[in-house]
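Chemist: My structure is stored as data_4.csv, with CSV, C-alpha atoms.
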```csv
chain,number,residue,atom,x,y,z
A,1,MET,CA,15.7,-154.4,-53.4
A,2,ARG,CA,14.6,-157.8,-54.7
A,3,GLU,CA,13.1,-160.1,-52.1
A,4,VAL,CA,13.4,-163.9,-52.4
A,5,TYR,CA,11.9,-166.1,-49.6
A,6,LEU,CA,13.6,-169.5,-49.5
A,7,ASP,CA,13.0,-170.4,-45.8
A,8,SER,CA,9.7,-172.3,-46.0
A,9,ALA,CA,11.0,-175.1,-43.8
A,10,ALA,CA,11.0,-172.4,-41.0
A,11,THR,CA,7.6,-171.1,-41.9
A,12,THR,CA,5.5,-170.8,-45.0
A,13,GLN,CA,3.6,-167.8,-46.5
A,14,MET,CA,-0.1,-168.1,-45.7
A,15,ARG,CA,-2.5,-168.8,-48.6
A,16,PRO,CA,-4.7,-165.8,-49.3
A,17,GLU,CA,-7.8,-168.0,-49.0
A,18,VAL,CA,-6.7,-168.9,-45.5
A,19,VAL,CA,-6.2,-165.3,-44.5
A,20,GLN,CA,-9.6,-164.4,-45.8
A,21,ARG,CA,-11.3,-167.2,-44.0
A,22,MET,CA,-9.6,-166.4,-40.7
A,23,THR,CA,-10.6,-162.8,-41.1
A,24,GLU,CA,-14.2,-163.8,-41.5
A,25,VAL,CA,-14.1,-165.9,-38.3
A,26,MET,CA,-12.4,-163.1,-36.3
A,27,THR,CA,-15.0,-160.6,-37.5
A,28,GLU,CA,-18.1,-162.7,-37.2
A,29,VAL,CA,-17.5,-165.3,-34.4
A,30,HIS,CA,-17.2,-163.8,-31.0
A,31,GLY,CA,-18.0,-166.5,-28.5
A,32,ASN,CA,-15.9,-168.6,-26.2
A,33,PRO,CA,-16.2,-172.2,-27.4
A,34,SER,CA,-16.8,-173.3,-23.9
A,35,SER,CA,-19.8,-171.0,-23.4
A,36,THR,CA,-23.2,-172.6,-23.7
A,37,HIS,CA,-25.0,-169.7,-25.4
A,38,SER,CA,-25.5,-169.4,-29.1
A,39,PHE,CA,-22.3,-167.4,-29.6
A,40,GLY,CA,-20.2,-170.1,-27.8
A,41,ARG,CA,-22.0,-172.9,-29.7
A,42,SER,CA,-21.2,-171.2,-33.0
A,43,ALA,CA,-17.5,-171.1,-32.1
A,44,LYS,CA,-17.5,-174.7,-30.8
A,45,SER,CA,-19.2,-175.9,-34.0
A,46,LEU,CA,-16.3,-174.4,-36.1
A,47,ILE,CA,-13.7,-176.2,-33.9
A,48,GLU,CA,-15.4,-179.5,-34.0
A,49,ASN,CA,-16.0,-179.3,-37.8
A,50,ALA,CA,-12.3,-178.6,-38.2
A,51,ARG,CA,-11.4,-181.5,-36.0
A,52,LYS,CA,-13.6,-183.8,-38.1
A,53,ASN,CA,-12.2,-182.6,-41.3
A,54,ILE,CA,-8.6,-183.0,-40.2
A,55,ALA,CA,-9.3,-186.4,-38.8
A,56,ALA,CA,-10.9,-187.5,-42.0
A,57,GLN,CA,-8.0,-186.2,-44.0
A,58,LEU,CA,-5.7,-188.5,-42.0
A,59,ASN,CA,-8.2,-191.3,-41.7
A,60,VAL,CA,-8.5,-191.3,-37.9
A,61,THR,CA,-11.2,-190.5,-35.4
A,62,ALA,CA,-11.9,-186.9,-34.4
A,63,ALA,CA,-11.2,-187.9,-30.8
A,64,GLU,CA,-7.6,-188.6,-31.7
A,65,ILE,CA,-6.9,-185.0,-32.8
A,66,ILE,CA,-6.0,-182.6,-30.0
A,67,PHE,CA,-5.4,-179.0,-31.0
A,68,THR,CA,-2.3,-177.4,-29.6
A,69,SER,CA,-0.2,-174.2,-30.0
A,70,GLY,CA,2.0,-176.0,-32.5
A,71,GLY,CA,4.4,-178.8,-33.0
A,72,THR,CA,6.6,-178.0,-30.0
A,73,GLU,CA,3.7,-178.3,-27.6
A,74,ALA,CA,2.5,-181.5,-29.3
A,75,ASP,CA,6.0,-183.0,-28.9
A,76,ASN,CA,6.2,-182.0,-25.3
A,77,LEU,CA,2.7,-183.3,-24.5
A,78,ALA,CA,3.4,-186.8,-25.9
A,79,ILE,CA,6.9,-187.3,-24.5
A,80,HIS,CA,6.4,-185.8,-21.1
A,81,SER,CA,3.1,-187.7,-20.5
A,82,CYS,CA,4.6,-191.0,-21.6
A,83,VAL,CA,7.3,-190.7,-18.9
A,84,ARG,CA,5.2,-189.1,-16.2
A,85,ASP,CA,1.9,-191.0,-16.7
A,86,LEU,CA,2.4,-194.1,-18.9
A,87,GLY,CA,5.4,-195.7,-17.1
A,88,VAL,CA,8.0,-195.1,-19.8
A,89,GLU,CA,11.5,-195.6,-18.3
A,90,ARG,CA,13.6,-195.4,-21.4
A,91,ILE,CA,13.5,-193.2,-24.5
A,92,ILE,CA,15.3,-194.1,-27.8
A,93,THR,CA,15.9,-191.2,-30.1
A,94,THR,CA,18.8,-189.6,-32.1
A,95,THR,CA,21.0,-186.6,-31.7
A,96,ILE,CA,19.5,-184.9,-34.8
A,97,GLU,CA,15.9,-184.5,-33.6
A,98,HIS,CA,14.3,-181.1,-33.4
A,99,HIS,CA,15.1,-179.3,-30.1
A,100,ALA,CA,11.3,-179.6,-29.3
A,101,VAL,CA,12.1,-183.3,-28.8
A,102,LEU,CA,15.7,-183.1,-27.5
A,103,TYR,CA,15.0,-180.6,-24.8
A,104,ILE,CA,12.0,-182.5,-23.3
A,105,VAL,CA,14.0,-185.7,-23.5
A,106,ASP,CA,16.8,-184.1,-21.5
A,107,TYR,CA,14.2,-182.7,-19.0
A,108,CYS,CA,12.8,-186.2,-18.5
A,109,LYS,CA,16.2,-187.6,-17.9
A,110,GLU,CA,17.0,-185.0,-15.3
A,111,LYS,CA,13.5,-184.8,-13.7
A,112,TYR,CA,12.5,-188.5,-13.7
A,113,GLY,CA,15.8,-190.4,-14.2
A,114,THR,CA,14.6,-191.6,-17.6
A,115,GLU,CA,17.2,-193.7,-19.5
A,116,VAL,CA,18.1,-192.2,-22.9
A,117,ALA,CA,19.6,-194.1,-25.8
A,118,HIS,CA,20.7,-192.7,-29.1
A,119,VAL,CA,20.4,-194.6,-32.3
A,120,LYS,CA,23.6,-194.7,-34.3
A,121,LEU,CA,23.4,-192.7,-37.5
A,122,LYS,CA,24.6,-193.7,-41.0
A,123,ASP,CA,27.1,-191.3,-42.7
A,124,CYS,CA,24.1,-189.6,-44.4
A,125,GLY,CA,22.3,-189.0,-41.1
A,126,THR,CA,19.7,-191.6,-41.5
A,127,PRO,CA,19.1,-193.8,-38.3
A,128,ASN,CA,20.7,-197.2,-38.4
A,129,TYR,CA,17.6,-199.5,-38.2
A,130,ILE,CA,19.7,-202.5,-37.2
A,131,ASP,CA,21.0,-200.5,-34.2
A,132,LEU,CA,17.5,-199.4,-33.4
A,133,GLU,CA,16.3,-203.0,-33.3
A,134,GLN,CA,19.3,-204.0,-31.1
A,135,LEU,CA,18.5,-201.2,-28.7
A,136,LEU,CA,14.8,-202.2,-28.6
A,137,ALA,CA,15.8,-205.8,-27.9
A,138,SER,CA,18.4,-204.9,-25.2
A,139,SER,CA,16.0,-204.0,-22.4
A,140,ASP,CA,12.7,-205.0,-20.9
A,141,LYS,CA,12.0,-201.4,-19.7
A,142,LYS,CA,9.0,-199.7,-21.1
A,143,THR,CA,10.3,-197.7,-24.0
A,144,LEU,CA,9.3,-194.8,-26.1
A,145,VAL,CA,10.9,-194.3,-29.5
A,146,SER,CA,10.9,-190.7,-30.8
A,147,LEU,CA,12.2,-190.3,-34.4
A,148,MET,CA,11.1,-187.5,-36.7
A,149,HIS,CA,9.6,-188.3,-40.0
A,150,ILE,CA,11.5,-185.7,-42.0
A,151,ASN,CA,14.5,-183.9,-40.7
A,152,ASN,CA,14.0,-180.2,-40.7
A,153,GLU,CA,17.6,-179.3,-41.6
A,154,ILE,CA,18.8,-182.0,-44.0
A,155,GLY,CA,15.5,-183.3,-45.3
A,156,ASN,CA,16.2,-187.0,-44.6
A,157,LYS,CA,13.1,-189.2,-44.7
A,158,LEU,CA,12.6,-191.8,-42.0
A,159,ASP,CA,11.3,-195.2,-43.0
A,160,ILE,CA,8.4,-194.6,-40.6
A,161,ASP,CA,6.6,-197.9,-41.4
A,162,ARG,CA,9.7,-199.9,-40.7
A,163,VAL,CA,10.3,-198.1,-37.4
A,164,GLY,CA,6.7,-198.5,-36.4
A,165,GLU,CA,6.8,-202.2,-37.0
A,166,LEU,CA,10.0,-202.6,-35.0
A,167,CYS,CA,8.3,-200.7,-32.1
A,168,LYS,CA,5.2,-203.0,-32.3
A,169,LYS,CA,7.4,-206.1,-32.3
A,170,HIS,CA,9.2,-205.0,-29.1
A,171,ASN,CA,6.1,-203.5,-27.4
A,172,ALA,CA,7.5,-199.9,-27.5
A,173,LEU,CA,5.5,-196.7,-28.0
A,174,PHE,CA,6.3,-194.7,-31.1
A,175,HIS,CA,6.3,-190.9,-31.3
A,176,SER,CA,7.2,-189.1,-34.5
A,177,ASP,CA,7.5,-185.4,-35.1
A,178,CYS,CA,5.7,-185.0,-38.5
A,179,VAL,CA,5.9,-181.2,-38.7
A,180,GLN,CA,7.8,-181.3,-42.0
A,181,SER,CA,5.7,-184.1,-43.6
A,182,ILE,CA,1.9,-183.7,-42.8
A,183,GLY,CA,0.6,-181.4,-45.5
A,184,HIS,CA,3.3,-182.4,-47.9
A,185,TYR,CA,2.8,-186.2,-48.0
A,186,GLU,CA,-0.2,-188.4,-47.9
A,187,MET,CA,-0.5,-190.1,-44.5
A,188,ASP,CA,-3.0,-192.6,-43.3
A,189,LEU,CA,-2.5,-192.6,-39.6
A,190,SER,CA,-5.0,-195.4,-39.1
A,191,LYS,CA,-2.6,-197.8,-40.9
A,192,LEU,CA,0.7,-196.1,-39.9
A,193,PRO,CA,2.1,-197.8,-36.8
A,194,VAL,CA,2.7,-194.6,-34.8
A,195,ASP,CA,1.1,-193.7,-31.5
A,196,PHE,CA,1.7,-190.0,-31.4
A,197,THR,CA,2.6,-187.3,-34.0
A,198,ALA,CA,3.1,-183.5,-33.9
A,199,VAL,CA,1.9,-181.1,-36.5
A,200,SER,CA,2.2,-177.3,-37.1
A,201,ALA,CA,-0.1,-175.4,-39.4
A,202,HIS,CA,2.5,-172.8,-40.4
A,203,LYS,CA,4.5,-175.5,-42.3
A,204,PHE,CA,1.7,-175.9,-44.9
A,205,HIS,CA,0.7,-172.3,-45.6
A,206,GLY,CA,-1.5,-172.0,-42.5
A,207,PRO,CA,-1.3,-169.7,-39.5
A,208,LYS,CA,1.5,-169.7,-36.9
A,209,GLY,CA,0.7,-170.5,-33.3
A,210,THR,CA,-1.6,-173.5,-33.9
A,211,GLY,CA,-1.1,-177.2,-34.6
A,212,PHE,CA,-2.3,-180.5,-33.3
A,213,ALA,CA,-1.2,-183.8,-31.7
A,214,PHE,CA,-2.4,-187.1,-33.0
A,215,ILE,CA,-2.9,-189.3,-30.0
A,216,ARG,CA,-3.9,-192.8,-30.8
A,217,LYS,CA,-7.0,-193.9,-29.0
A,218,GLY,CA,-6.5,-195.9,-25.8
A,219,THR,CA,-2.9,-194.8,-25.1
A,220,GLY,CA,-4.0,-193.0,-21.9
A,221,LEU,CA,-2.0,-189.8,-22.4
A,222,LYS,CA,-2.6,-187.1,-19.7
A,223,PRO,CA,-2.6,-183.3,-20.1
A,224,LEU,CA,0.5,-181.2,-20.1
A,225,ILE,CA,-1.4,-177.9,-19.5
A,226,LEU,CA,-4.0,-177.8,-16.7
A,227,GLY,CA,-6.8,-175.4,-16.1
A,228,GLY,CA,-9.9,-176.6,-18.0
A,229,SER,CA,-11.6,-179.5,-19.7
A,230,GLN,CA,-11.1,-178.3,-23.3
A,231,GLU,CA,-9.7,-180.7,-26.0
A,232,ARG,CA,-11.2,-183.8,-24.4
A,233,GLY,CA,-9.5,-182.9,-21.1
A,234,ILE,CA,-6.1,-183.3,-22.8
A,235,ARG,CA,-5.2,-179.6,-23.3
A,236,ALA,CA,-6.6,-176.8,-21.2
A,237,GLY,CA,-7.2,-173.3,-22.4
A,238,THR,CA,-9.6,-171.4,-24.7
A,239,GLU,CA,-9.1,-172.6,-28.2
A,240,SER,CA,-7.9,-170.2,-30.9
A,241,VAL,CA,-10.9,-170.5,-33.1
A,242,HIS,CA,-9.7,-168.5,-36.1
A,243,ASN,CA,-6.4,-170.3,-36.1
A,244,ILE,CA,-7.9,-173.7,-36.0
A,245,VAL,CA,-10.3,-172.9,-38.8
A,246,GLY,CA,-7.4,-171.5,-40.8
A,247,MET,CA,-5.4,-174.6,-40.2
A,248,ASP,CA,-8.3,-176.8,-41.4
A,249,LEU,CA,-8.6,-174.9,-44.6
A,250,ALA,CA,-4.8,-174.8,-45.2
A,251,LEU,CA,-4.6,-178.6,-44.7
A,252,LYS,CA,-7.5,-179.2,-47.0
A,253,MET,CA,-5.9,-177.0,-49.7
A,254,ALA,CA,-2.6,-178.7,-49.2
A,255,TYR,CA,-4.0,-182.1,-49.9
A,256,ASP,CA,-6.5,-180.9,-52.6
A,257,ASN,CA,-3.5,-179.5,-54.6
A,258,LEU,CA,-0.8,-181.9,-53.4
A,259,GLU,CA,0.0,-183.7,-56.7
A,260,GLU,CA,0.3,-180.4,-58.7
A,261,ASP,CA,2.1,-178.5,-55.9
A,262,ARG,CA,4.5,-181.2,-55.2
A,263,ALA,CA,5.5,-181.6,-58.8
A,264,TYR,CA,6.0,-177.8,-59.1
A,265,VAL,CA,8.2,-177.6,-55.9
A,266,LEU,CA,10.2,-180.7,-56.8
A,267,ASP,CA,11.0,-179.2,-60.2
A,268,LEU,CA,12.2,-176.1,-58.4
A,269,LYS,CA,14.5,-178.2,-56.2
A,270,ASN,CA,15.8,-180.1,-59.2
A,271,TYR,CA,16.5,-176.9,-61.1
A,272,PHE,CA,18.2,-175.2,-58.1
A,273,GLN,CA,20.4,-178.3,-57.5
A,274,GLU,CA,21.4,-178.4,-61.2
A,275,GLN,CA,22.2,-174.7,-61.4
A,276,LEU,CA,24.3,-174.9,-58.2
A,277,GLU,CA,26.3,-177.8,-59.5
A,278,LYS,CA,26.8,-175.9,-62.8
A,279,HIS,CA,27.8,-172.5,-61.4
A,280,VAL,CA,29.4,-173.4,-58.0
A,281,PRO,CA,32.1,-176.0,-58.5
A,282,GLY,CA,32.7,-178.2,-55.5
A,283,VAL,CA,29.2,-177.6,-54.0
A,284,LYS,CA,27.9,-180.5,-51.8
A,285,PHE,CA,24.4,-181.4,-50.5
A,286,ASN,CA,24.3,-182.4,-46.9
A,287,GLY,CA,22.6,-185.5,-45.6
A,288,ASN,CA,20.3,-187.1,-48.2
A,289,CYS,CA,18.9,-183.8,-49.5
A,290,GLY,CA,20.5,-184.3,-52.9
A,291,ASP,CA,18.8,-187.7,-53.2
A,292,HIS,CA,15.1,-187.0,-54.1
A,293,LYS,CA,14.0,-190.5,-53.2
A,294,GLU,CA,15.5,-190.4,-49.7
A,295,SER,CA,14.7,-186.8,-48.8
A,296,THR,CA,11.8,-184.3,-48.9
A,297,TYR,CA,11.1,-182.4,-52.1
A,298,THR,CA,11.0,-179.1,-50.1
A,299,LEU,CA,14.6,-178.3,-49.2
A,300,LEU,CA,18.3,-178.4,-50.0
A,301,ASN,CA,21.0,-178.0,-47.4
A,302,VAL,CA,24.0,-176.8,-49.3
A,303,CYS,CA,27.7,-177.0,-48.3
A,304,LEU,CA,29.7,-174.4,-50.1
A,305,PRO,CA,33.4,-174.9,-51.0
A,306,CYS,CA,34.6,-172.0,-48.9
A,307,PRO,CA,36.9,-171.7,-45.8
A,308,ALA,CA,35.1,-170.7,-42.7
A,309,ASP,CA,37.3,-167.6,-42.1
A,310,LYS,CA,36.2,-166.4,-45.6
A,311,ALA,CA,32.5,-167.1,-45.2
A,312,ALA,CA,31.6,-165.2,-42.0
A,313,MET,CA,29.6,-162.7,-44.0
A,314,LEU,CA,27.8,-165.1,-46.2
A,315,LEU,CA,24.4,-165.2,-44.5
A,316,PHE,CA,24.6,-161.5,-43.9
A,317,THR,CA,25.4,-160.9,-47.6
A,318,MET,CA,22.4,-163.1,-48.6
A,319,ASP,CA,20.2,-161.0,-46.3
A,320,LEU,CA,21.5,-157.8,-47.8
A,321,LYS,CA,20.6,-159.1,-51.2
A,322,GLY,CA,17.1,-159.8,-50.1
A,323,ILE,CA,17.4,-163.5,-49.9
A,324,ALA,CA,15.9,-165.4,-46.9
A,325,CYS,CA,17.5,-168.7,-46.2
A,326,SER,CA,18.8,-170.4,-43.0
A,327,LYS,CA,22.2,-171.2,-41.6
A,328,GLY,CA,20.5,-174.0,-39.6
A,329,SER,CA,17.0,-174.4,-38.4
A,330,ALA,CA,15.1,-171.2,-37.7
A,331,CYS,CA,14.9,-172.1,-34.0
A,332,GLN,CA,18.7,-171.9,-34.0
A,333,SER,CA,19.2,-168.7,-36.0
A,334,GLY,CA,19.6,-166.5,-32.9
A,335,SER,CA,22.3,-168.8,-31.5
A,336,GLN,CA,26.0,-168.6,-32.0
A,337,LYS,CA,26.2,-172.4,-31.8
A,338,GLY,CA,26.5,-174.4,-35.0
A,339,SER,CA,23.8,-176.8,-36.2
A,340,HIS,CA,23.6,-179.8,-33.9
A,341,VAL,CA,22.3,-181.8,-37.0
A,342,LEU,CA,25.3,-180.9,-39.2
A,343,THR,CA,27.7,-181.5,-36.3
A,344,SER,CA,26.4,-185.0,-36.1
A,345,VAL,CA,26.6,-185.8,-39.8
A,346,LEU,CA,29.4,-183.8,-41.5
A,347,SER,CA,33.1,-184.5,-41.5
A,348,GLU,CA,35.4,-182.0,-39.8
A,349,GLU,CA,36.5,-180.7,-43.1
A,350,ASP,CA,32.9,-179.9,-44.2
A,351,LEU,CA,32.0,-178.5,-40.8
A,352,ASN,CA,34.6,-175.8,-41.4
A,353,LYS,CA,32.7,-174.8,-44.6
A,354,PRO,CA,29.5,-172.7,-44.6
A,355,SER,CA,26.2,-174.6,-45.1
A,356,LEU,CA,22.9,-172.9,-46.0
A,357,ARG,CA,19.5,-174.4,-46.0
A,358,PHE,CA,17.2,-173.3,-48.9
A,359,SER,CA,13.6,-174.4,-48.7
A,360,PHE,CA,11.0,-174.0,-51.4
A,361,SER,CA,7.2,-173.5,-51.8
A,362,ILE,CA,4.6,-172.9,-54.5
A,363,TYR,CA,5.3,-169.2,-54.2
A,364,ASN,CA,8.9,-169.5,-55.6
A,365,THR,CA,10.0,-169.2,-59.2
A,366,LYS,CA,12.9,-170.3,-61.3
A,367,GLU,CA,13.8,-166.7,-61.9
A,368,GLU,CA,14.2,-166.2,-58.1
A,369,LEU,CA,16.5,-169.3,-58.0
A,370,ASP,CA,18.6,-167.9,-60.9
A,371,TYR,CA,19.0,-164.7,-58.9
A,372,VAL,CA,20.2,-166.7,-55.8
A,373,VAL,CA,22.6,-168.8,-57.8
A,374,GLY,CA,24.0,-165.6,-59.3
A,375,ILE,CA,24.6,-164.1,-55.9
A,376,LEU,CA,26.3,-167.3,-54.6
A,377,LYS,CA,28.5,-167.5,-57.7
A,378,GLU,CA,29.5,-163.9,-57.4
A,379,TYR,CA,30.3,-164.3,-53.7
A,380,MET,CA,32.4,-167.5,-54.3
A,381,GLU,CA,34.3,-165.9,-57.2
A,382,GLY,CA,35.0,-162.9,-55.0
A,383,ILE,CA,36.6,-165.1,-52.3
A,384,VAL,CA,38.7,-166.9,-54.9
A,385,ALA,CA,39.9,-163.6,-56.4
```
Represent the structure from my file as C-alpha cells, please.

Modeler:
Amino acid sequence: MREVYLDSAATTQMRPEVVQRMTEVMTEVHGNPSSTHSFGRSAKSLIENARKNIAAQLNVTAAEIIFTSGGTEADNLAIHSCVRDLGVERIITTTIEHHAVLYIVDYCKEKYGTEVAHVKLKDCGTPNYIDLEQLLASSDKKTLVSLMHINNEIGNKLDIDRVGELCKKHNALFHSDCVQSIGHYEMDLSKLPVDFTAVSAHKFHGPKGTGFAFIRKGTGLKPLILGGSQERGIRAGTESVHNIVGMDLALKMAYDNLEEDRAYVLDLKNYFQEQLEKHVPGVKFNGNCGDHKESTYTLLNVCLPCPADKAAMLLFTMDLKGIACSKGSACQSGSQKGSHVLTSVLSEEDLNKPSLRFSFSIYNTKEELDYVVGILKEYMEGIVA
C-alpha cells in the first residue's frame, strides 16, 4: 500500500541528520547535567551551547530561553504563572486557540476567579483587532493577552506586531503560542513586542517531547514544575540532553534552509489547491488557508461538498488508502467532538460537510498530491453516483 504523510502540522518527520546527532549524544554522553563531575559537565555544556544557539537564532539572550517538554508546557508555564504570580486578573484570548491555552485559561478562571474575555472573530477566523483594542481599553485590571501566531487548524496568521503594540499601549502582557511559526518564519524576538512564546521541536523536523519557552527578561515568571533549580530555577527536572541537542540542530537546519524549503512547500500547497479546485468542484478552503498572504504556507483545511451522512467513512477511507491527514487538530483526533476552531468560523451549512486538514513538508512530492486528489475525486464521484 502506498503511504502519503500529509499531517505535518501535527508532527513532522525528523531530519536524518537530527536522528544521527541525537544517537551520538545518547551513546556518548552519560552524565546528569546537574552533576559536577566531568560527565555532568559535558552534558551541561551541550545544553548551554544549544541554549546559546537557539537564543542567537531568535536574537535574544540565552537566559530568556527555558527548555520544556514542548509547547503545551510552555503555554501552561506562562499563563499559569502570570495569574498566580504576576497579578494578572484578566485574560483576553479567542475561542480558536489551541487547547493548551484554552484549558489552562479555563483552569485559571475556575481556580483563581480570573476574568476571561474573548476577542470577536472576523468571518475568516482572524481576530478583530478593533474589538481587541476596545477590550484592552475597557478595564484597568492587569491583563494578559494570549493569541496564537498561526492557527494550527486553519493556518490563519496573526498580525503579531499589531497585537504586541496594542498590548504595550495598554500595559498588558502578551503571550503567543508560536508552535506553528518558529522554524517556519524568521522571528526576531528582541524586536517583536511579545513577552512569552511557546515552541515545540517536533513541528520543525526535530524530536517529540521537547521545546522551549521564550520568557522576556524581567517579567518575573515563576516555575510551574518544582523540585530542582534546573533551567534558571524556572523549570525543575533533569534536562533531556539528546532531545535538546536534536532540537538545536533541527532549528538551525530549518533556518539555514528556510528560503529553499519554504519555496518548495509553498509550491506544493499551490499545486494541491489548484488540483483540488480542478478535480473536486465545489471544494472550499476554511479560514484564510486559501489566501497565501494571510495564512501559513504549510497547510490547507479543505471543506468538501459532501453531506455529513455520506461522509462518515471519509477519514477512514483516506487511512485505508495510506493517506495521513487530520479531521481537526491531532490533539482532537481521538475525540468524537467536532473541531472547536471550525465550529467558531464555519456556517451551519459548511459545518455539516466534512473538512480535512492537509499539511505539507519538504518530504512530500507532487506525485503524492496527485494520488490524494485522485482518491478524493473517486470518493466524491462515488457519493454522487

Chemist: I need the residue nearest Ile96 in chain A from this list: A:Ser339, A:Tyr129, A:Arg2, A:Arg235. Use all atoms listed in the file for the distance.

Modeler: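 That would be A:Ser339, the residue with the smallest distance to Ile96 in chain A.
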
Chemist: In Å, with one decimal, what is the gap from CA of Ile104 in chain A to CA of Ser344 in chain A?

Modeler: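 Computing it gives 19.4 Å between the two atoms.
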
Chemist: Determine, for each residue of range 113-220 of chain A having at least one atom at most 8 Å from an atom of range 290-307 of chain A, the closest pair of atoms and their separation in Å to one decimal, counting all atoms listed in the file; order by chain and ascending number, as a Markdown table.

Modeler:
```
| residue | atom | partner | partner_atom | distance |
| --- | --- | --- | --- | --- |
| A:Ile150 | CA | A:Thr296 | CA | 7.0 |
| A:Glu153 | CA | A:Asn301 | CA | 6.8 |
| A:Ile154 | CA | A:Asn301 | CA | 5.7 |
| A:Gly155 | CA | A:Ser295 | CA | 5.0 |
| A:Asn156 | CA | A:Ser295 | CA | 4.5 |
| A:Lys157 | CA | A:Ser295 | CA | 5.0 |
```

Chemist: If we count all atoms listed in the file, what is near Val105 in chain A at a cut-off of 9 Å, once residues fewer than 6 positions away on the same chain are taken out, given as a PyMOL selection string?

Modeler: chain A and resi 76+79-80+91+93+114+116

Chemist: Using all atoms listed in the file for the distances, tell me which of A:Arg357, A:His242, A:Lys252, A:Lys269 is nearest to Asn151 in chain A.

Modeler: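 Smallest distance to Asn151 in chain A is found for A:Arg357.
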
Chemist: Mind filling out range 166-186 of chain A with N, CA and C atoms and sending it as an mmCIF file, in the frame of the given file?

Modeler:
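New file out23.cif:
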```cif
data_model
loop_
_atom_site.group_PDB
_atom_site.id
_atom_site.type_symbol
_atom_site.label_atom_id
_atom_site.label_comp_id
_atom_site.auth_asym_id
_atom_site.auth_seq_id
_atom_site.Cartn_x
_atom_site.Cartn_y
_atom_site.Cartn_z
ATOM 1 N N LEU A 166 8.968 -202.199 -35.967
ATOM 2 C CA LEU A 166 10.000 -202.600 -35.000
ATOM 3 C C LEU A 166 9.441 -202.279 -33.556
ATOM 4 N N CYS A 167 8.811 -201.117 -33.426
ATOM 5 C CA CYS A 167 8.300 -200.700 -32.100
ATOM 6 C C CYS A 167 7.151 -201.696 -31.689
ATOM 7 N N LYS A 168 6.288 -202.064 -32.623
ATOM 8 C CA LYS A 168 5.200 -203.000 -32.300
ATOM 9 C C LYS A 168 5.809 -204.366 -31.893
ATOM 10 N N LYS A 169 6.808 -204.805 -32.614
ATOM 11 C CA LYS A 169 7.400 -206.100 -32.300
ATOM 12 C C LYS A 169 8.008 -206.143 -30.915
ATOM 13 N N HIS A 170 8.511 -205.007 -30.439
ATOM 14 C CA HIS A 170 9.200 -205.000 -29.100
ATOM 15 C C HIS A 170 8.318 -204.239 -28.079
ATOM 16 N N ASN A 171 7.023 -204.056 -28.372
ATOM 17 C CA ASN A 171 6.100 -203.500 -27.400
ATOM 18 C C ASN A 171 6.499 -202.070 -26.938
ATOM 19 N N ALA A 172 7.081 -201.299 -27.843
ATOM 20 C CA ALA A 172 7.500 -199.900 -27.500
ATOM 21 C C ALA A 172 6.463 -198.944 -28.101
ATOM 22 N N LEU A 173 6.301 -197.817 -27.434
ATOM 23 C CA LEU A 173 5.500 -196.700 -28.000
ATOM 24 C C LEU A 173 6.319 -195.977 -29.004
ATOM 25 N N PHE A 174 5.631 -195.391 -29.994
ATOM 26 C CA PHE A 174 6.300 -194.700 -31.100
ATOM 27 C C PHE A 174 5.750 -193.305 -31.261
ATOM 28 N N HIS A 175 6.615 -192.309 -31.080
ATOM 29 C CA HIS A 175 6.300 -190.900 -31.300
ATOM 30 C C HIS A 175 7.095 -190.399 -32.494
ATOM 31 N N SER A 176 6.452 -189.681 -33.416
ATOM 32 C CA SER A 176 7.200 -189.100 -34.500
ATOM 33 C C SER A 176 6.759 -187.663 -34.767
ATOM 34 N N ASP A 177 7.727 -186.775 -34.765
ATOM 35 C CA ASP A 177 7.500 -185.400 -35.100
ATOM 36 C C ASP A 177 7.270 -185.348 -36.641
ATOM 37 N N CYS A 178 6.040 -185.030 -37.047
ATOM 38 C CA CYS A 178 5.700 -185.000 -38.500
ATOM 39 C C CYS A 178 5.446 -183.591 -38.985
ATOM 40 N N VAL A 179 6.103 -182.637 -38.341
ATOM 41 C CA VAL A 179 5.900 -181.200 -38.700
ATOM 42 C C VAL A 179 6.284 -180.935 -40.133
ATOM 43 N N GLN A 180 7.333 -181.592 -40.635
ATOM 44 C CA GLN A 180 7.800 -181.300 -42.000
ATOM 45 C C GLN A 180 7.115 -182.220 -43.045
ATOM 46 N N SER A 181 6.221 -183.121 -42.607
ATOM 47 C CA SER A 181 5.700 -184.100 -43.600
ATOM 48 C C SER A 181 4.152 -183.957 -43.753
ATOM 49 N N ILE A 182 3.400 -183.779 -42.679
ATOM 50 C CA ILE A 182 1.900 -183.700 -42.800
ATOM 51 C C ILE A 182 1.625 -182.360 -43.570
ATOM 52 N N GLY A 183 0.826 -182.482 -44.596
ATOM 53 C CA GLY A 183 0.600 -181.400 -45.500
ATOM 54 C C GLY A 183 1.411 -181.415 -46.739
ATOM 55 N N HIS A 184 2.446 -182.283 -46.722
ATOM 56 C CA HIS A 184 3.300 -182.400 -47.900
ATOM 57 C C HIS A 184 3.346 -183.877 -48.414
ATOM 58 N N TYR A 185 2.907 -184.814 -47.583
ATOM 59 C CA TYR A 185 2.800 -186.200 -48.000
ATOM 60 C C TYR A 185 1.516 -186.810 -47.516
ATOM 61 N N GLU A 186 0.977 -187.729 -48.313
ATOM 62 C CA GLU A 186 -0.200 -188.400 -47.900
ATOM 63 C C GLU A 186 0.121 -189.318 -46.696
#
```
